[in-house]
Amino acid sequence: MAGMATHVITGAGSGIGAAVARRLHARGDDLVLHARDAGRAKELAAEFPGARTLVGDLSDPDKLSWAFSHQTLPDRVDSLLHIAGVVDLGPVGELTPKTWRHQLNVNLVAPAELTRHFLPQLRAARGHVVFVNSGAGLSASAGWSAYAASKHGLKALADSLRHEEHASGVRVTSVYPGRTASPMQAKVHQQEGKEYDASKWIDPESVATTILMALDLPRDAEVNDLTVRPGN
């Protein structure tokens, strides 16, 4: 993706999203960083000088359309990077509908709604949609039902979108990282009752490298599914 491309990024505040945003910002690309509220938007704007922000609550996808109608959306979108996510573990026998809905909304319904909003710009730019999924999007372990269901759904969204938009030149990539050293991983360990050692897991920078590789691939090829596992 040569020159000044414009990227819309969710989850740029920490982990993989922050690593991707830093790399794209450093090479001079234009960033539109999604934030859940005005305070968070201000922090992101300070961290990434020159970046624009877009405010909307991913946990309430029904209101995203209304929120965006009161803001200026970018005219050009070369890539839409869905990196934000939430996780809340627990056995099926204990998970409430509220916990299910929260993970499904943030991890699946909101990405679908954001994609719907930016498809006209993505088609015009022959752009790229990247879904940062999870190993849990390919197989579900005990305690992971709601999160894995949201990520299995995200795989279905990506696969359908790829078939639908192939003719318009929009590329669609799903990335399935294994456990990555991030605040989310620290929370998972806490919920699992395990000690957290960041050095055992994938560095977010390594996942960012794979995402940039997919974005920068020449137009004659497309990375559909990319599984990234811990190397240690």
# chains A, B, ... in the order shown; residues from 1 in each chain; ligands from 1
$ select_by_dssp --residues "region 20-78 of chain A" --states "strand (DSSP E or B)" --output "PyMOL selection string"
chain A and resi 30-35+52-55
$ write_last_selection --atoms "N, CA, C and O atoms" --output "PDB file, in the first residue's frame"
ATOM      1  N   ASP A  30      -2.117   8.136   6.912  1.00  0.00           N
ATOM      2  CA  ASP A  30      -3.176   8.847   7.636  1.00  0.00           C
ATOM      3  C   ASP A  30      -3.952   7.863   8.500  1.00  0.00           C
ATOM      4  O   ASP A  30      -4.369   6.800   8.018  1.00  0.00           O
ATOM      5  N   LEU A  31      -4.182   8.230   9.762  1.00  0.00           N
ATOM      6  CA  LEU A  31      -4.913   7.358  10.668  1.00  0.00           C
ATOM      7  C   LEU A  31      -6.235   7.987  11.106  1.00  0.00           C
ATOM      8  O   LEU A  31      -6.299   9.181  11.374  1.00  0.00           O
ATOM      9  N   VAL A  32      -7.257   7.162  11.150  1.00  0.00           N
ATOM     10  CA  VAL A  32      -8.532   7.542  11.754  1.00  0.00           C
ATOM     11  C   VAL A  32      -8.751   6.524  12.867  1.00  0.00           C
ATOM     12  O   VAL A  32      -9.006   5.346  12.611  1.00  0.00           O
ATOM     13  N   LEU A  33      -8.584   6.988  14.108  1.00  0.00           N
ATOM     14  CA  LEU A  33      -8.581   6.072  15.246  1.00  0.00           C
ATOM     15  C   LEU A  33      -9.923   6.091  15.963  1.00  0.00           C
ATOM     16  O   LEU A  33     -10.391   7.143  16.399  1.00  0.00           O
ATOM     17  N   HIS A  34     -10.519   4.930  16.074  1.00  0.00           N
ATOM     18  CA  HIS A  34     -11.803   4.835  16.760  1.00  0.00           C
ATOM     19  C   HIS A  34     -11.587   4.887  18.273  1.00  0.00           C
ATOM     20  O   HIS A  34     -10.643   4.293  18.807  1.00  0.00           O
ATOM     21  N   ALA A  35     -12.454   5.610  18.957  1.00  0.00           N
ATOM     22  CA  ALA A  35     -12.415   5.682  20.425  1.00  0.00           C
ATOM     23  C   ALA A  35     -13.838   5.558  20.966  1.00  0.00           C
ATOM     24  O   ALA A  35     -14.788   5.965  20.305  1.00  0.00           O
ATOM     25  N   ARG A  52      -6.756  11.541  13.001  1.00  0.00           N
ATOM     26  CA  ARG A  52      -8.137  11.929  13.293  1.00  0.00           C
ATOM     27  C   ARG A  52      -8.754  10.871  14.195  1.00  0.00           C
ATOM     28  O   ARG A  52      -8.257   9.752  14.282  1.00  0.00           O
ATOM     29  N   THR A  53      -9.838  11.243  14.885  1.00  0.00           N
ATOM     30  CA  THR A  53     -10.504  10.272  15.748  1.00  0.00           C
ATOM     31  C   THR A  53     -11.975  10.150  15.351  1.00  0.00           C
ATOM     32  O   THR A  53     -12.543  11.034  14.721  1.00  0.00           O
ATOM     33  N   LEU A  54     -12.541   9.022  15.719  1.00  0.00           N
ATOM     34  CA  LEU A  54     -13.933   8.715  15.435  1.00  0.00           C
ATOM     35  C   LEU A  54     -14.512   8.107  16.710  1.00  0.00           C
ATOM     36  O   LEU A  54     -13.991   7.093  17.196  1.00  0.00           O
ATOM     37  N   VAL A  55     -15.527   8.734  17.250  1.00  0.00           N
ATOM     38  CA  VAL A  55     -16.063   8.303  18.545  1.00  0.00           C
ATOM     39  C   VAL A  55     -17.359   7.514  18.379  1.00  0.00           C
ATOM     40  O   VAL A  55     -18.256   7.907  17.629  1.00  0.00           O
TER      41      VAL A  55
END
$ select_by_dssp --residues "region 108-186 of chain A" --states "alpha helix (DSSP H)" --output "PyMOL selection string"
chain A and resi 110-125+145-165+183-186
$ write_last_selection --atoms "C-alpha atoms" --output "short mmCIF file (atom, residue, chain, number, x, y, z; two decimals), in the first residue's frame"
data_model
loop_
_atom_site.label_atom_id
_atom_site.label_comp_id
_atom_site.auth_asym_id
_atom_site.auth_seq_id
_atom_site.Cartn_x
_atom_site.Cartn_y
_atom_site.Cartn_z
CA ALA A 110 -19.90 -3.66 15.81
CA PRO A 111 -17.31 -4.81 13.23
CA ALA A 112 -20.19 -5.70 10.87
CA GLU A 113 -21.75 -2.27 11.39
CA LEU A 114 -18.44 -0.41 10.94
CA THR A 115 -17.80 -2.40 7.76
CA ARG A 116 -21.24 -1.49 6.43
CA HIS A 117 -20.51 2.20 7.04
CA PHE A 118 -17.14 2.21 5.30
CA LEU A 119 -17.85 -0.15 2.40
CA PRO A 120 -18.52 2.66 -0.12
CA GLN A 121 -15.09 4.20 0.63
CA LEU A 122 -13.41 0.79 0.66
CA ARG A 123 -14.90 -0.11 -2.71
CA ALA A 124 -13.82 3.21 -4.22
CA ALA A 125 -10.24 2.71 -2.97
CA SER A 145 -17.94 -20.28 24.79
CA ALA A 146 -19.17 -16.67 24.46
CA TYR A 147 -15.83 -15.22 23.32
CA ALA A 148 -15.20 -18.11 20.90
CA ALA A 149 -18.75 -17.81 19.53
CA SER A 150 -18.17 -14.11 18.81
CA LYS A 151 -14.88 -14.94 17.06
CA HIS A 152 -16.31 -17.91 15.12
CA GLY A 153 -18.98 -15.42 13.99
CA LEU A 154 -16.28 -12.93 13.01
CA LYS A 155 -14.71 -15.59 10.77
CA ALA A 156 -18.10 -16.09 9.08
CA LEU A 157 -18.48 -12.33 8.61
CA ALA A 158 -15.02 -12.11 7.01
CA ASP A 159 -15.59 -15.13 4.76
CA SER A 160 -18.96 -13.84 3.50
CA LEU A 161 -17.58 -10.33 2.99
CA ARG A 162 -14.64 -11.71 0.98
CA HIS A 163 -17.01 -13.51 -1.41
CA GLU A 164 -19.36 -10.52 -1.68
CA GLU A 165 -16.69 -7.87 -2.30
CA PRO A 183 -3.80 -6.04 28.83
CA MET A 184 -6.46 -8.47 27.54
CA GLN A 185 -4.11 -11.40 28.13
CA ALA A 186 -3.40 -10.21 31.67
#
$ closest_residue --among "A:Arg126, A:Gln190, A:Gln71, A:Leu212" --to "Ala167 (chain A)" --atoms "only C-alpha atoms"
A:Arg126
$ closest_atom_pairs --of "region 6-35 of chain A" --to "region 79-92 of chain A" --cutoff "6 Å" --atoms "only C-alpha atoms" --output "tab-separated table"
residue	atom	partner	partner_atom	distance
A:His7	CA	A:Ser79	CA	4.8
A:Val8	CA	A:Leu80	CA	4.8
A:Ile9	CA	A:Leu81	CA	4.8
A:Thr10	CA	A:Ala84	CA	5.1
A:Gly11	CA	A:Ala84	CA	3.8
A:Gly17	CA	A:Ile83	CA	5.6
$ atom_distance --atom1 "CA of Met213 (chain A)" --atom2 "CA of Arg40 (chain A)"
28.4 Å
